[in-house]
Amino acid sequence: MKGPIAIFDSGYGGLTILDSIRRELPEYDYIYLGDNARTPYGSRSFDVVYEYTLEAVKRLFSLGAHLVILACNTASAKALRSIQQKDLPGIDPERRVLGVIRPSVEVVGNLTKTNHVGVLGTVGTVLSNSYPLEIDKVSPEIIVEQEACPMWVSLVENSEFDGDGADYFVKKNINSLFERDSKIDTLILGCTHYPLLLEKIRKYTPQGVKIISQGEIVSKRLRDYLFRHPEMETKCSKGGDVRFYTTEHPDKFRETAGIFFKGNIRVQHLEL
Ligand code: DGL
């Protein structure tokens, strides 16, 4: 039976990815799951992020999805490989789980001129070293400097992304990154929550530095993936429908999600 494409994040950040994907591929049906009751994932251990992500993936499969996108860098960094290699063959070898790190890494080589790239991410993503390791595989000449931004996800989750507190923390982390490497000319927003802070990130980033948000990259890669995998494409239902699930209270989700996702938000509570 055909099913929707599922998008998963620890909270609201993945909505930035869903938004881009729906613009690129409006014909498909989507379900979105935010594990808002357990967010943020960024400060949690490898084992916990893996366990939470696996629970979410299994649940999304049971809701009919054949394809799950982990629209979360932390989950992509800490859980994706284990799920793909260890769990999927036992759950259902025909289903697929994709992440957001690899597609982002593949574009940096074409963008940087100085071969110095900055990555902003959660503590978990930075400590996993996923970005430096993955970039090294495709563009070994690139020097990667990372900055963990532990407060940024909370600013977004608490709708404080345009407040003065956000200015303080964005400036602090960006300055710290560019003090360590002033040659950076390309900056990856390695957390799907960060596009919500884009205005402030631009304000404190040196002029001329390219800022990469993942929405557009991931949605183009998904289009490409579906084209190259007709066996998966035919399992994705088409109706232009989108449904939301949250582990938090639906009213809270609707209110906050409405800030950065335009359109009708039909949301249900889901226990993981
Ligand atoms: N959107 C998630 C990411 O891309 C945020 C992680 C968190 O919950 O801390 O990493």
# chains A, B, ... in the order shown; residues from 1 in each chain; ligands from 1
call {"tool": "residues_near_ligand", "arguments": {"ligand": "ligand 1", "cutoff": "7 Å", "atoms": "only C-alpha atoms and all ligand atoms", "output": "PyMOL selection string"}}
result
chain A and resi 9-11+13-14+39-43+71-75+121-122+125+153+190-193
call {"tool": "write_last_selection", "arguments": {"atoms": "C-alpha atoms", "output": "PDB file, in the first residue's frame"}}
result
ATOM      1  CA  ASP A   9      12.689  16.101  13.924  1.00  0.00           C
ATOM      2  CA  SER A  10      13.182  16.452  17.664  1.00  0.00           C
ATOM      3  CA  GLY A  11      10.981  19.547  17.513  1.00  0.00           C
ATOM      4  CA  GLY A  13      13.250  22.657  13.218  1.00  0.00           C
ATOM      5  CA  GLY A  14      12.303  20.002  10.693  1.00  0.00           C
ATOM      6  CA  THR A  39      13.461  18.043  22.638  1.00  0.00           C
ATOM      7  CA  PRO A  40      16.272  19.098  22.548  1.00  0.00           C
ATOM      8  CA  TYR A  41      18.228  16.084  21.371  1.00  0.00           C
ATOM      9  CA  GLY A  42      21.431  18.090  20.923  1.00  0.00           C
ATOM     10  CA  SER A  43      22.638  17.679  24.490  1.00  0.00           C
ATOM     11  CA  ALA A  71      15.167  16.329   9.217  1.00  0.00           C
ATOM     12  CA  CYS A  72      17.441  16.614  12.224  1.00  0.00           C
ATOM     13  CA  ASN A  73      21.219  16.796  12.094  1.00  0.00           C
ATOM     14  CA  THR A  74      21.614  15.419  15.592  1.00  0.00           C
ATOM     15  CA  ALA A  75      19.573  12.327  14.746  1.00  0.00           C
ATOM     16  CA  GLY A 121      25.420  22.729  15.072  1.00  0.00           C
ATOM     17  CA  THR A 122      24.201  21.290  18.341  1.00  0.00           C
ATOM     18  CA  THR A 125      26.321  17.074  16.080  1.00  0.00           C
ATOM     19  CA  VAL A 153      17.521  25.278  19.630  1.00  0.00           C
ATOM     20  CA  GLY A 190      24.057  22.199  10.551  1.00  0.00           C
ATOM     21  CA  CYS A 191      20.841  22.203  12.531  1.00  0.00           C
ATOM     22  CA  THR A 192      17.383  22.427  11.038  1.00  0.00           C
ATOM     23  CA  HIS A 193      16.269  24.879  13.724  1.00  0.00           C
TER      24      HIS A 193
END
call {"tool": "residues_around", "arguments": {"residues": "range 263-271 of chain A", "least_positions_apart": "4", "cutoff": "9 Å", "atoms": "only C-alpha atoms", "output": "list in words"}}
result
Leu33, Asp35, Val242, Arg243, Phe244, Tyr245, Thr246, Thr247, Glu248, His249, Pro250, Asp251, Phe253, Arg254, Ala257 and Gly258 of chain A
call {"tool": "residues_around", "arguments": {"residues": "range 155-165 of chain A", "least_positions_apart": "5", "cutoff": "7 Å", "atoms": "only C-alpha atoms", "output": "ChimeraX atom specification"}}
result
/A:12,193,196-197
call {"tool": "atom_distance", "arguments": {"atom1": "CA of Tyr194 in chain A", "atom2": "CA of Phe178 in chain A"}}
result
17.6 Å
call {"tool": "residues_around", "arguments": {"residues": "range 209-215 of chain A", "least_positions_apart": "5", "cutoff": "10 Å", "atoms": "only C-alpha atoms", "output": "PyMOL selection string"}}
result
chain A and resi 14-21+24+71+73+100-101+103-104+107-108+111-112+117-119+183-195+198+201-202+220-221
call {"tool": "residues_around", "arguments": {"residues": "range 49-61 of chain A", "least_positions_apart": "4", "cutoff": "7 Å", "atoms": "only C-alpha atoms", "output": "list in words"}}
result
Ala6, Tyr41, Arg44, Ser45, Ala65, His66, Val68, Ala75, Lys78, Ala79, Ile83 and Leu272 of chain A
call {"tool": "select_by_dssp", "arguments": {"residues": "range 10-66 of chain A", "states": "helix (DSSP H, G or I)", "output": "list in words"}}
result
Gly14, Leu15, Thr16, Ile17, Leu18, Asp19, Ser20, Ile21, Arg22, Arg23, Glu24, Phe46, Asp47, Val48, Val49, Tyr50, Glu51, Tyr52, Thr53, Leu54, Glu55, Ala56, Val57, Lys58, Arg59, Leu60, Phe61 and Ser62 of chain A
call {"tool": "select_by_dssp", "arguments": {"residues": "range 104-236 of chain A", "states": "strand (DSSP E)", "output": "PyMOL selection string"}}
result
chain A and resi 116-121+143-148+186-189+210-212
call {"tool": "atom_distance", "arguments": {"atom1": "CA of Ile7 in chain A", "atom2": "CA of Glu27 in chain A"}}
result
15.4 Å
call {"tool": "atom_distance", "arguments": {"atom1": "CA of Gly3 in chain A", "atom2": "CA of Arg228 in chain A"}}
result
18.5 Å
call {"tool": "residues_around", "arguments": {"residues": "Asp241 in chain A", "least_positions_apart": "4", "cutoff": "8 Å", "atoms": "only C-alpha atoms", "output": "CSV table (one decimal) with N, CA, C and O atoms, in the first residue's frame"}}
result
chain,number,residue,atom,x,y,z
A,28,TYR,N,3.1,15.1,-3.4
A,28,TYR,CA,3.1,13.9,-2.5
A,28,TYR,C,2.4,14.2,-1.2
A,28,TYR,O,2.1,15.4,-0.8
A,29,ASP,N,2.0,13.2,-0.4
A,29,ASP,CA,1.5,13.3,0.9
A,29,ASP,C,2.6,13.2,1.9
A,29,ASP,O,3.6,12.5,1.7
A,30,TYR,N,2.5,14.0,3.0
A,30,TYR,CA,3.5,14.0,4.0
A,30,TYR,C,2.9,13.8,5.4
A,30,TYR,O,1.8,14.3,5.7
